[in-house]
Structures are given as C-alpha cells and as structure tokens.
Amino acid sequence: MIFLFIPPYSFVQTPALRHICLFFWLFCVALFWYDSVAMKKITLAAVNARFSHSSLALLCLKHAAFEKEAVTLREYNLGQNTMDIAADIIATDPDAAGFSCYIWNIDTVVKIASVVKAVRPHCLVIFGGPEVSYDCEQLMRHWPFVDVIVRGAGETPFYHLTRSLAADESILSTPSSCIRTPSGVVHTPAAPPFELSSQPFLYDDLSAYKNKMIYYETSRGCPFRCAYCMSANEPLSFLPVERAIAELEYFMRADVRQVKLVDRTFNYPDKRARQIIAALIALKQKHPQSRTNYHFEISASLLTDETVALLASAPKGLLQLEIGIQSTDDAVLQAVSRTHDTRKLLKNTQALCRAGNMRVFVDLIAGLPLETYESFSHSFDDAFALGADKLQLGFLKLLRGSKMRENASAHGIVYTSHAPYEVLQTPTLSYEELRRLHRIEQVLDSLYNEKLTQKTLSILTRVYRSPFAFFDGYTRFLEEEGYFSKPQKTETLFALLFCFARQAVDETLLREALAYDWLCLGKPGGWPDGIFVSTVNPKDALRRFSELPLSLSAREFGKRFTAAYFAMLFGAPVWLLFDHSKKRGDEGFITKIKQSETANASEMF
Ligand code: SF4
C-alpha cells in the first residue's frame, strides 16, 4: 500500500527504466482505485434445509457474475439463529445482498433480509428463486426492504445486474426483474432462455463440500406438464453428454460421497440417459475404490427395456433412483395432466427394485384433485408392493406459478395461505382424512423408511388385508393411545405395535419378530414392554459357542455381541449372534450359531 504513495523516480537513475517504473506505478494506482472505489461487494446467501445440503443456485450465480471475485457466498441452514445469520451477512459489508428463496426457507430469509436492510439501508436487497418468481409486485408491496426480485433463471439477470453495479450505472437494464424505483416497481423484459451449456464447470474447488452432498445438473426444464409442478413451464436445456460424463467422472475421482442430479427428468431423452449411465458403469471399473453414489430422478414409464437392464447391471451402490408415482389412479393423473403409463411405470420400478444393486425411492402425493381416501389407499398399496427402499409420502403443495394454484378454487382445493401452501382439504378428501394421512406418513417413515421394524412389517403386511389397512389401523390405534400428542421414544412404538398386532398374529411369532428388529437397532439396554427373547450371558455364550472364532474376554464379548434365541421366527429354532459393532445389512452383522429340532432354548446345548 505504501508503495502506491512513493513515486519510483527517487530510486531509479536510467531514464528508460524511470518510464517503465512510472508506467507500472500508474497502473498499480489505477488498479488500487478500481479495487477500492469501483468494485461493489456482493454477498449471496442461501439458507439450506440441512447442514449436509449445499446451494447449487449460489454457485450458478457466482459463476455468472460480471466479476466473480466481487461475490462472496454464504451458506446457512434452518437450524441456525436468524439474527446470527443476519450478523454474519452484515459483517461482509455488502453493497448488495442476494437471497435464494424457496418454500422451505422463505420465512427465515424474509426475517434475515429485513434485518440486513434495517442495519445497512444502502445495501441493495435482491431476492430470487422459485418462491419469488411469480406475483413479484404483490411480494414487493409485502416486503418494503426488498429492492429487486429476479424472476426465473437467475444467471443472465445476475450478470447484467453485477455489470451495472460494477460500472455504477442504473440497474434498470437487468432483464427478468422487478425493480423498486422512487416512482414504483418496474418490470423489466424477460431474458432469453438460459443455455445450460454456456455455464462453466462450477466445482473447481471441492474443499467447501466435505461431508456435503453435491448438487449437479446435466439438464434443466422438463418436457411434461404436471399441473402441480413449476418445472412444467421451464424450457429444456442440456449439457453436451461428453461434458456431463467428464464432470461426473471428476466427482468420482475426488471420491465425493453423493452427487445429486437435480435434472427434473434425468432419463429424458432415454438414449442420452443411457449414454451417461453406461459411461458411469465403465468409469466405476476405472475407479473401483471410489465410493461416489449418483442420485437421479427418473420417470420410470419412459424407461426402455434396454435402459432397465443397463441400470440393473450397475455395480452395487453406484446409483440411487427416485421415481415419482404420485398416484396410480388414472382419473387423478388425468386431472393433473400427468400423462404417464402407470402400468409400465410400476412394472419398470418393480424390476429396478428387484435388481437389488441400487437404492430406489418412490414418491406418492396425497391431496391431488379427485383423490379419495379409498383411491389413495390403492395407490399406497401399489407403491408399497414394489418393495422400494423408501416410500415417500408427500402432500400436494399449491406452488406459486403452477397451473394447480391458478385452478385451485375451480378444483375446490383449500390450502395454507403461507409457505409451503399445503393442501388442507379437497372436495373428495376431508381435512380429518388428510391429518390421518400425515400421521400415517409419520408411522411409515419410522417403521418402513427408517427400517425400524423391517422383519415385523414383512409379517404384518401379509396378515392384514393390505399394507394400507395395517398402517391405517395402527395409526388409529396410536391416536387412541395419545401417541401423537407428545414426543415418544422408539421403545414405545415397539411396545404399542406389539399391543396392537397381537390380536392378528401369533403372539410368540410377533414378539420374536419385534425382538429381532429391536436387536437390529443396536445393543439393547432394556427391552420394550412385552418384547423379549432368550439371551445368554457372555460367559456362557463363550463356553457354549466354542465353534465361533472369538478371542475375546467375557466383558468384551458382552459389550459387542448379543446371542439370542428364536423358536418360531425362522421356521426352526435357532440361536443368532448379533454383532453390534456392525450395521444392519453389513456382512457378519448376524451369524447363525446353532440350529436344532428342539423348541427349548436350554436343551440346545
Ligand atoms: S412433476 Fe416431474 S415430470 Fe411432471 S412436470 Fe414436474 S418435473 Fe416434469
């Protein structure tokens, strides 16, 4: 810095050198002036749902900015204090602060932005994202602290905005925006559709993504027109396949744990998806040590037999799929302009679930027009029968800008006036029925998705009239027991499941199934009420199970293992050894240590 104020003449004797030094000095002074006077500091902030999530939107914008170095990125999560977040943004001393707005973070973002504006009135507050891309004028009236709202894809508007800021010019040339001026809100013309291929690679530096999921897109937009979805209006744009493959390999080489593709329908078109999947399978052979998992959202009804076979041939753990079923009722699907072939979708999804080499998640949406409790129960049973790793039960959201929201009153749909604009009742599904479905979702998540009672469920869903009949019946029982009125421990869920199901299933079999599931959760400190099986103390176990290669003391054995006896659960009486240092599904987690014809645990030795 001092150098800028000392002319170089005094040190240099030769005239030619003097000129060079003078030129260099003037250049440095100009650079310093440009840096300190012209460069406007821009902070872009995202409040993610969880710590493990990251914001792709911020990265896209930073790379689209006129001066990348003027942009500071700040990521937070919903668990953080809003005043702390605001203070952190203010500490960056921004000339402009941009916020990425979604239904899950809008309330928090609004609070933070209002504090930033109150403390730094000169700071230009910019909102962008799906939650603010529609009804801009109304939103600007609601939020006087917001100066600019960017509508739709943010890259092109952000480039123009940052260029104007850097040049100290009016920002009214920013396209696709609503801009507050002294004479009112100005709507600027829409930017041309954004071409994904014009975007540079965003993840040169992966150091900020340790233990985080990487979001990545190879395509934007969707060719379908589902009435509840905002992507239905988005034009399609693709990365060249070769580039997408090279970038996906980069993540594999860096051993990123999970890359979540945000492509709305990854397998459109089918041939392009097949090229990428085949390349990933080949790359896995090249990098066998890599643990990278790729998550895709696909439309199973678009899959050809060739693509199903290719997916089924992928190495275990390489891929993870999410498949939207939403409903299996044709009238419901038609009412939301979802034009998928349900039979093909179910057939392909089942084949992918059975392949067993990848995790498959399937989604249903409750509260769609024309859906009744009865018709939803059929969709639930159809989805459950697929045997997916997770069955995710969502609820219709009337998103700003979606056809469904425009037509909500015509459909008679009542929804929350605040984000996430979730359905409360429809002409065919009452508020009470939707509340029960919410509770069923809670029970489904614990028992099935979290795999708390995998063994027990495999018995119960066969005994009851249908999987939905079981979940509905058990949820009603839990309601009567006051289960949902306060936070509950896992053992309560087990104990109540035993009470509920023992009318329908042999009590010993049920007790054993629940005890098995309980032992799968870890070393039991105690058993849930009514649930237990015979176990053996560590000293006796070591003596009795001499065939096991265990060179442990009784104390060490007791800490790590449980030996438990099951008389009925596996057809013939058996002692199993649970190794609690491993996880369910890991090799060696459960070992069969003794089998016998006798049904008496003690007579087996
Ligand atoms: S729900 Fe899926 S298939 Fe339908 S428009 Fe949206 S992204 Fe496309």
# chains A, B, ... in the order shown; residues from 1 in each chain; ligands from 1
$ residues_near_ligand --ligand "ligand 1" --cutoff "8 Å" --atoms "only C-alpha atoms and all ligand atoms" --output "PyMOL selection string"
chain A and resi 221-233+264-265+299+324+338
$ write_last_selection --atoms "C-alpha atoms" --output "short mmCIF file (atom, residue, chain, number, x, y, z; two decimals), in the first residue's frame"
data_model
loop_
_atom_site.label_atom_id
_atom_site.label_comp_id
_atom_site.auth_asym_id
_atom_site.auth_seq_id
_atom_site.Cartn_x
_atom_site.Cartn_y
_atom_site.Cartn_z
CA GLY A 221 -36.56 -27.97 -17.54
CA CYS A 222 -39.00 -30.78 -18.25
CA PRO A 223 -40.97 -31.88 -21.31
CA PHE A 224 -44.04 -32.79 -19.20
CA ARG A 225 -46.78 -30.53 -17.91
CA CYS A 226 -47.86 -31.80 -14.50
CA ALA A 227 -50.22 -29.17 -13.16
CA TYR A 228 -48.72 -29.01 -9.65
CA CYS A 229 -45.11 -28.59 -10.80
CA MET A 230 -43.19 -25.40 -11.54
CA SER A 231 -40.72 -27.14 -13.85
CA ALA A 232 -43.64 -27.77 -16.20
CA ASN A 233 -43.14 -24.25 -17.53
CA ARG A 264 -36.13 -32.87 -13.39
CA THR A 265 -36.43 -35.97 -15.56
CA SER A 299 -39.64 -41.18 -14.97
CA GLY A 324 -42.41 -40.18 -8.79
CA ARG A 338 -49.81 -36.29 -15.78
#
$ residues_around --residues "A:Cys60" --least-positions-apart "2" --cutoff "8 Å" --atoms "only C-alpha atoms" --output "JSON, numbers by chain"
{"A": [56, 57, 58, 62, 63, 64, 155, 199, 202]}
$ write_last_selection --atoms "N, CA and C atoms" --output "short mmCIF file (atom, residue, chain, number, x, y, z; two decimals), in the first residue's frame"
data_model
loop_
_atom_site.label_atom_id
_atom_site.label_comp_id
_atom_site.auth_asym_id
_atom_site.auth_seq_id
_atom_site.Cartn_x
_atom_site.Cartn_y
_atom_site.Cartn_z
N LEU A 56 -26.83 -25.07 -5.00
CA LEU A 56 -26.36 -25.02 -6.39
C LEU A 56 -26.62 -23.62 -6.97
N ALA A 57 -27.74 -23.02 -6.55
CA ALA A 57 -28.13 -21.70 -7.10
C ALA A 57 -27.02 -20.67 -6.87
N LEU A 58 -26.44 -20.66 -5.67
CA LEU A 58 -25.40 -19.66 -5.38
C LEU A 58 -24.20 -19.84 -6.30
N LYS A 62 -22.68 -17.09 -8.86
CA LYS A 62 -21.30 -16.59 -8.74
C LYS A 62 -20.57 -16.73 -10.08
N HIS A 63 -20.75 -17.88 -10.72
CA HIS A 63 -20.07 -18.09 -11.99
C HIS A 63 -20.66 -17.25 -13.13
N ALA A 64 -21.87 -16.74 -12.91
CA ALA A 64 -22.48 -15.91 -13.95
C ALA A 64 -22.18 -14.43 -13.73
N GLU A 155 -29.16 -16.56 -13.86
CA GLU A 155 -27.81 -16.30 -14.38
C GLU A 155 -27.73 -15.03 -15.23
N GLN A 199 -22.79 -22.47 -19.32
CA GLN A 199 -22.33 -22.34 -17.93
C GLN A 199 -20.97 -23.04 -17.76
N LEU A 202 -18.80 -25.75 -12.30
CA LEU A 202 -18.97 -24.97 -11.07
C LEU A 202 -18.12 -25.44 -9.90
#
$ closest_residue --among "A:Leu370, A:Val443, A:Ile214, A:Ala282" --to "A:Tyr294" --atoms "only C-alpha atoms"
A:Ile214
$ select_by_dssp --residues "stretch 412-494 of chain A" --states "strand (DSSP E or B)" --output "PyMOL selection string"
chain A and resi 414-415+422-426+429
$ write_last_selection --atoms "C-alpha atoms" --output "compact mmCIF listing (two decimals), in the first residue's frame"
# COMPACT_ATOMS: atom_id res chain seq x y z
CA VAL A 414 -58.24 -25.38 0.26
CA TYR A 415 -54.60 -24.84 1.20
CA GLU A 422 -50.03 -27.33 1.51
CA VAL A 423 -53.44 -28.81 0.80
CA LEU A 424 -55.83 -28.76 3.78
CA GLN A 425 -58.88 -30.30 2.18
CA THR A 426 -60.37 -31.09 -1.20
CA LEU A 429 -60.58 -35.71 0.82
$ residues_around --residues "A:Glu67" --least-positions-apart "3" --cutoff "9 Å" --atoms "only C-alpha atoms" --output "list in words"
Met39, Lys62, His63, Ala64, Ala70, Val71, Tyr159, Thr162, Arg163 and Ala166 of chain A
$ write_last_selection --atoms "C-alpha atoms" --output "mmCIF file, in the first residue's frame"
data_model
loop_
_atom_site.group_PDB
_atom_site.id
_atom_site.type_symbol
_atom_site.label_atom_id
_atom_site.label_comp_id
_atom_site.auth_asym_id
_atom_site.auth_seq_id
_atom_site.Cartn_x
_atom_site.Cartn_y
_atom_site.Cartn_z
ATOM 1 C CA MET A 39 -15.747 -2.912 -7.149
ATOM 2 C CA LYS A 62 -21.296 -16.589 -8.735
ATOM 3 C CA HIS A 63 -20.067 -18.088 -11.993
ATOM 4 C CA ALA A 64 -22.480 -15.908 -13.955
ATOM 5 C CA ALA A 70 -16.757 -9.392 -6.108
ATOM 6 C CA VAL A 71 -19.148 -12.125 -4.973
ATOM 7 C CA TYR A 159 -24.709 -10.938 -14.990
ATOM 8 C CA THR A 162 -23.496 -7.086 -11.397
ATOM 9 C CA ARG A 163 -22.192 -5.394 -14.520
ATOM 10 C CA ALA A 166 -19.601 -2.514 -11.146
#
$ residues_around --residues "stretch 341-352 of chain A" --least-positions-apart "3" --cutoff "10 Å" --atoms "only C-alpha atoms" --output "short mmCIF file (atom, residue, chain, number, x, y, z; two decimals) with C-alpha atoms, in the first residue's frame"
data_model
loop_
_atom_site.label_atom_id
_atom_site.label_comp_id
_atom_site.auth_asym_id
_atom_site.auth_seq_id
_atom_site.Cartn_x
_atom_site.Cartn_y
_atom_site.Cartn_z
CA SER A 299 -39.64 -41.18 -14.97
CA ALA A 300 -39.96 -44.98 -14.88
CA SER A 301 -42.63 -45.00 -17.58
CA LEU A 302 -40.11 -43.59 -20.10
CA LEU A 303 -37.55 -46.35 -19.50
CA THR A 304 -36.94 -48.78 -22.32
CA ASP A 305 -36.18 -52.44 -21.52
CA THR A 307 -32.22 -48.94 -20.02
CA VAL A 308 -33.81 -51.03 -17.25
CA ALA A 309 -31.32 -53.82 -17.99
CA LEU A 311 -29.47 -49.84 -14.66
CA ALA A 312 -29.85 -53.33 -13.20
CA LEU A 321 -33.06 -43.58 -8.10
CA GLU A 322 -36.05 -41.51 -7.15
CA ILE A 323 -39.26 -42.30 -9.00
CA GLY A 324 -42.41 -40.18 -8.79
CA ILE A 325 -45.53 -42.32 -8.86
CA SER A 327 -50.97 -41.73 -7.77
CA THR A 328 -51.92 -44.89 -9.60
CA ASP A 329 -55.47 -43.69 -10.23
CA ASP A 330 -55.89 -42.76 -13.90
CA LEU A 333 -53.44 -38.43 -13.00
CA ARG A 338 -49.81 -36.29 -15.78
CA ALA A 355 -32.38 -55.83 -9.15
CA GLY A 356 -31.07 -55.11 -5.63
CA ASN A 357 -28.00 -53.18 -6.84
CA MET A 358 -29.28 -49.68 -6.14
CA ARG A 359 -31.48 -47.88 -3.66
CA VAL A 360 -34.85 -46.95 -5.13
CA PHE A 361 -37.13 -44.33 -3.56
CA VAL A 362 -40.70 -43.95 -4.74
CA ASP A 382 -49.48 -50.42 -5.40
CA ALA A 383 -46.43 -48.41 -4.36
CA ALA A 385 -45.88 -53.74 -3.26
CA LEU A 386 -42.87 -52.57 -5.30
CA GLY A 387 -40.54 -53.19 -2.36
CA ALA A 388 -38.68 -49.88 -2.78
#
$ select_by_dssp --residues "stretch 432-467 of chain A" --states "alpha helix (DSSP H)" --output "list of chain:residue names"
A:Glu432, A:Glu433, A:Leu434, A:Arg435, A:Arg436, A:Leu437, A:His438, A:Arg439, A:Ile440, A:Glu441, A:Gln442, A:Val443, A:Leu444, A:Gln454, A:Lys455, A:Thr456, A:Leu457, A:Ser458, A:Ile459, A:Leu460, A:Thr461, A:Arg462, A:Val463, A:Pro467
$ write_last_selection --atoms "N, CA and C atoms" --output "PDB file, in the first residue's frame"
ATOM      1  N   GLU A 432     -59.822 -34.018   8.035  1.00  0.00           N
ATOM      2  CA  GLU A 432     -59.512 -35.086   9.002  1.00  0.00           C
ATOM      3  C   GLU A 432     -58.779 -36.234   8.309  1.00  0.00           C
ATOM      4  N   GLU A 433     -59.213 -36.568   7.096  1.00  0.00           N
ATOM      5  CA  GLU A 433     -58.537 -37.661   6.378  1.00  0.00           C
ATOM      6  C   GLU A 433     -57.093 -37.280   6.039  1.00  0.00           C
ATOM      7  N   LEU A 434     -56.908 -36.025   5.647  1.00  0.00           N
ATOM      8  CA  LEU A 434     -55.534 -35.592   5.346  1.00  0.00           C
ATOM      9  C   LEU A 434     -54.671 -35.588   6.607  1.00  0.00           C
ATOM     10  N   ARG A 435     -55.264 -35.209   7.741  1.00  0.00           N
ATOM     11  CA  ARG A 435     -54.495 -35.254   9.001  1.00  0.00           C
ATOM     12  C   ARG A 435     -54.076 -36.691   9.297  1.00  0.00           C
ATOM     13  N   ARG A 436     -55.019 -37.622   9.068  1.00  0.00           N
ATOM     14  CA  ARG A 436     -54.654 -39.033   9.336  1.00  0.00           C
ATOM     15  C   ARG A 436     -53.532 -39.474   8.395  1.00  0.00           C
ATOM     16  N   LEU A 437     -53.603 -39.040   7.150  1.00  0.00           N
ATOM     17  CA  LEU A 437     -52.535 -39.417   6.201  1.00  0.00           C
ATOM     18  C   LEU A 437     -51.183 -38.858   6.645  1.00  0.00           C
ATOM     19  N   HIS A 438     -51.207 -37.675   7.263  1.00  0.00           N
ATOM     20  CA  HIS A 438     -49.956 -37.120   7.800  1.00  0.00           C
ATOM     21  C   HIS A 438     -49.396 -38.041   8.882  1.00  0.00           C
ATOM     22  N   ARG A 439     -50.282 -38.550   9.702  1.00  0.00           N
ATOM     23  CA  ARG A 439     -49.809 -39.429  10.786  1.00  0.00           C
ATOM     24  C   ARG A 439     -49.360 -40.779  10.229  1.00  0.00           C
ATOM     25  N   ILE A 440     -50.060 -41.230   9.205  1.00  0.00           N
ATOM     26  CA  ILE A 440     -49.623 -42.475   8.555  1.00  0.00           C
ATOM     27  C   ILE A 440     -48.217 -42.267   7.983  1.00  0.00           C
ATOM     28  N   GLU A 441     -47.988 -41.100   7.428  1.00  0.00           N
ATOM     29  CA  GLU A 441     -46.660 -40.794   6.876  1.00  0.00           C
ATOM     30  C   GLU A 441     -45.595 -40.908   7.975  1.00  0.00           C
ATOM     31  N   GLN A 442     -45.939 -40.377   9.155  1.00  0.00           N
ATOM     32  CA  GLN A 442     -45.003 -40.408  10.289  1.00  0.00           C
ATOM     33  C   GLN A 442     -44.678 -41.863  10.678  1.00  0.00           C
ATOM     34  N   VAL A 443     -45.732 -42.690  10.738  1.00  0.00           N
ATOM     35  CA  VAL A 443     -45.552 -44.096  11.134  1.00  0.00           C
ATOM     36  C   VAL A 443     -44.794 -44.855  10.032  1.00  0.00           C
ATOM     37  N   LEU A 444     -45.166 -44.578   8.792  1.00  0.00           N
ATOM     38  CA  LEU A 444     -44.495 -45.215   7.652  1.00  0.00           C
ATOM     39  C   LEU A 444     -43.004 -44.885   7.657  1.00  0.00           C
ATOM     40  N   GLN A 454     -38.396 -53.813  10.144  1.00  0.00           N
ATOM     41  CA  GLN A 454     -38.424 -54.418   8.806  1.00  0.00           C
ATOM     42  C   GLN A 454     -38.974 -55.848   8.852  1.00  0.00           C
ATOM     43  N   LYS A 455     -38.456 -56.641   9.792  1.00  0.00           N
ATOM     44  CA  LYS A 455     -38.863 -58.050   9.893  1.00  0.00           C
ATOM     45  C   LYS A 455     -40.344 -58.145  10.258  1.00  0.00           C
ATOM     46  N   THR A 456     -40.726 -57.366  11.252  1.00  0.00           N
ATOM     47  CA  THR A 456     -42.113 -57.424  11.735  1.00  0.00           C
ATOM     48  C   THR A 456     -43.068 -56.987  10.623  1.00  0.00           C
ATOM     49  N   LEU A 457     -42.681 -55.933   9.888  1.00  0.00           N
ATOM     50  CA  LEU A 457     -43.561 -55.456   8.816  1.00  0.00           C
ATOM     51  C   LEU A 457     -43.758 -56.510   7.740  1.00  0.00           C
ATOM     52  N   SER A 458     -42.702 -57.276   7.469  1.00  0.00           N
ATOM     53  CA  SER A 458     -42.843 -58.287   6.414  1.00  0.00           C
ATOM     54  C   SER A 458     -43.906 -59.318   6.816  1.00  0.00           C
ATOM     55  N   ILE A 459     -44.123 -59.504   8.106  1.00  0.00           N
ATOM     56  CA  ILE A 459     -45.179 -60.426   8.556  1.00  0.00           C
ATOM     57  C   ILE A 459     -46.525 -59.708   8.570  1.00  0.00           C
ATOM     58  N   LEU A 460     -46.546 -58.511   9.165  1.00  0.00           N
ATOM     59  CA  LEU A 460     -47.826 -57.828   9.368  1.00  0.00           C
ATOM     60  C   LEU A 460     -48.501 -57.419   8.061  1.00  0.00           C
ATOM     61  N   THR A 461     -47.717 -56.970   7.089  1.00  0.00           N
ATOM     62  CA  THR A 461     -48.357 -56.503   5.849  1.00  0.00           C
ATOM     63  C   THR A 461     -48.929 -57.675   5.041  1.00  0.00           C
ATOM     64  N   ARG A 462     -48.557 -58.900   5.430  1.00  0.00           N
ATOM     65  CA  ARG A 462     -49.188 -60.076   4.787  1.00  0.00           C
ATOM     66  C   ARG A 462     -50.449 -60.481   5.541  1.00  0.00           C
ATOM     67  N   VAL A 463     -50.431 -60.266   6.841  1.00  0.00           N
ATOM     68  CA  VAL A 463     -51.557 -60.704   7.677  1.00  0.00           C
ATOM     69  C   VAL A 463     -52.760 -59.775   7.506  1.00  0.00           C
ATOM     70  N   PRO A 467     -51.272 -53.540   2.927  1.00  0.00           N
ATOM     71  CA  PRO A 467     -50.327 -52.704   3.681  1.00  0.00           C
ATOM     72  C   PRO A 467     -51.011 -51.439   4.226  1.00  0.00           C
TER      73      PRO A 467
END
$ residues_around --residues "A:Thr492" --least-positions-apart "3" --cutoff "9 Å" --atoms "only C-alpha atoms" --output "PyMOL selection string"
chain A and resi 483+488-489+495-497+528-529
$ closest_residue --among "A:Ile281, A:Ala504, A:Ala408, A:Ala118" --to "A:Asn293" --atoms "only C-alpha atoms"
A:Ile281
$ residues_around --residues "stretch 287-292 of chain A" --least-positions-apart "3" --cutoff "10 Å" --atoms "only C-alpha atoms" --output "PyMOL selection string"
chain A and resi 248-249+251-259+282-284+295+315+317-319
$ residues_around --residues "A:Ala191" --least-positions-apart "3" --cutoff "12 Å" --atoms "only C-alpha atoms" --output "JSON, numbers by chain"
{"A": [150, 151, 152, 153, 154, 155, 156, 157, 158, 159, 160, 173, 174, 175, 176, 177, 187, 188, 194, 195]}
$ atom_distance --atom1 "atom CA of A:Leu399" --atom2 "atom CA of A:Ala46"
19.8 Å
$ closest_residue --among "A:Thr591, A:Thr428, A:Ser237, A:Asn537" --to "A:Ala554" --atoms "only C-alpha atoms"
A:Asn537
$ atom_distance --atom1 "atom CA of A:Gln334" --atom2 "atom CA of A:Asp381"
20.0 Å
$ decode --residues "stretch 352-395 of chain A" --atoms "C-alpha atoms" --output "PDB file, in the first residue's frame"
ATOM      1  CA  LEU A 352     -35.389 -51.897 -10.634  1.00  0.00           C
ATOM      2  CA  CYS A 353     -36.292 -52.627  -7.002  1.00  0.00           C
ATOM      3  CA  ARG A 354     -35.776 -56.344  -7.525  1.00  0.00           C
ATOM      4  CA  ALA A 355     -32.383 -55.825  -9.146  1.00  0.00           C
ATOM      5  CA  GLY A 356     -31.073 -55.107  -5.629  1.00  0.00           C
ATOM      6  CA  ASN A 357     -28.000 -53.184  -6.843  1.00  0.00           C
ATOM      7  CA  MET A 358     -29.282 -49.675  -6.140  1.00  0.00           C
ATOM      8  CA  ARG A 359     -31.479 -47.878  -3.656  1.00  0.00           C
ATOM      9  CA  VAL A 360     -34.853 -46.949  -5.134  1.00  0.00           C
ATOM     10  CA  PHE A 361     -37.127 -44.329  -3.557  1.00  0.00           C
ATOM     11  CA  VAL A 362     -40.703 -43.946  -4.742  1.00  0.00           C
ATOM     12  CA  ASP A 363     -42.950 -40.927  -4.133  1.00  0.00           C
ATOM     13  CA  LEU A 364     -46.692 -40.519  -3.716  1.00  0.00           C
ATOM     14  CA  ILE A 365     -48.631 -37.257  -3.414  1.00  0.00           C
ATOM     15  CA  ALA A 366     -51.727 -37.103  -1.221  1.00  0.00           C
ATOM     16  CA  GLY A 367     -54.423 -34.498  -1.825  1.00  0.00           C
ATOM     17  CA  LEU A 368     -54.474 -34.422  -5.621  1.00  0.00           C
ATOM     18  CA  PRO A 369     -57.820 -33.477  -7.235  1.00  0.00           C
ATOM     19  CA  LEU A 370     -60.379 -36.335  -7.352  1.00  0.00           C
ATOM     20  CA  GLU A 371     -58.248 -38.459  -4.970  1.00  0.00           C
ATOM     21  CA  THR A 372     -60.319 -40.057  -2.199  1.00  0.00           C
ATOM     22  CA  TYR A 373     -59.117 -41.829   0.937  1.00  0.00           C
ATOM     23  CA  GLU A 374     -60.112 -45.081  -0.738  1.00  0.00           C
ATOM     24  CA  SER A 375     -58.350 -44.372  -4.044  1.00  0.00           C
ATOM     25  CA  PHE A 376     -55.259 -43.183  -2.179  1.00  0.00           C
ATOM     26  CA  SER A 377     -55.170 -46.456  -0.244  1.00  0.00           C
ATOM     27  CA  HIS A 378     -54.895 -48.303  -3.584  1.00  0.00           C
ATOM     28  CA  SER A 379     -52.055 -46.054  -4.748  1.00  0.00           C
ATOM     29  CA  PHE A 380     -50.333 -46.713  -1.418  1.00  0.00           C
ATOM     30  CA  ASP A 381     -50.709 -50.481  -1.780  1.00  0.00           C
ATOM     31  CA  ASP A 382     -49.485 -50.417  -5.395  1.00  0.00           C
ATOM     32  CA  ALA A 383     -46.425 -48.406  -4.362  1.00  0.00           C
ATOM     33  CA  PHE A 384     -45.751 -50.500  -1.254  1.00  0.00           C
ATOM     34  CA  ALA A 385     -45.875 -53.735  -3.257  1.00  0.00           C
ATOM     35  CA  LEU A 386     -42.868 -52.575  -5.304  1.00  0.00           C
ATOM     36  CA  GLY A 387     -40.537 -53.187  -2.361  1.00  0.00           C
ATOM     37  CA  ALA A 388     -38.678 -49.881  -2.777  1.00  0.00           C
ATOM     38  CA  ASP A 389     -36.121 -48.804  -0.182  1.00  0.00           C
ATOM     39  CA  LYS A 390     -38.269 -45.830   0.714  1.00  0.00           C
ATOM     40  CA  LEU A 391     -41.866 -44.934   0.105  1.00  0.00           C
ATOM     41  CA  GLN A 392     -42.030 -41.146   0.466  1.00  0.00           C
ATOM     42  CA  LEU A 393     -45.484 -39.835   1.154  1.00  0.00           C
ATOM     43  CA  GLY A 394     -45.779 -36.152   0.205  1.00  0.00           C
ATOM     44  CA  PHE A 395     -48.722 -33.760   0.254  1.00  0.00           C
TER      45      PHE A 395
END
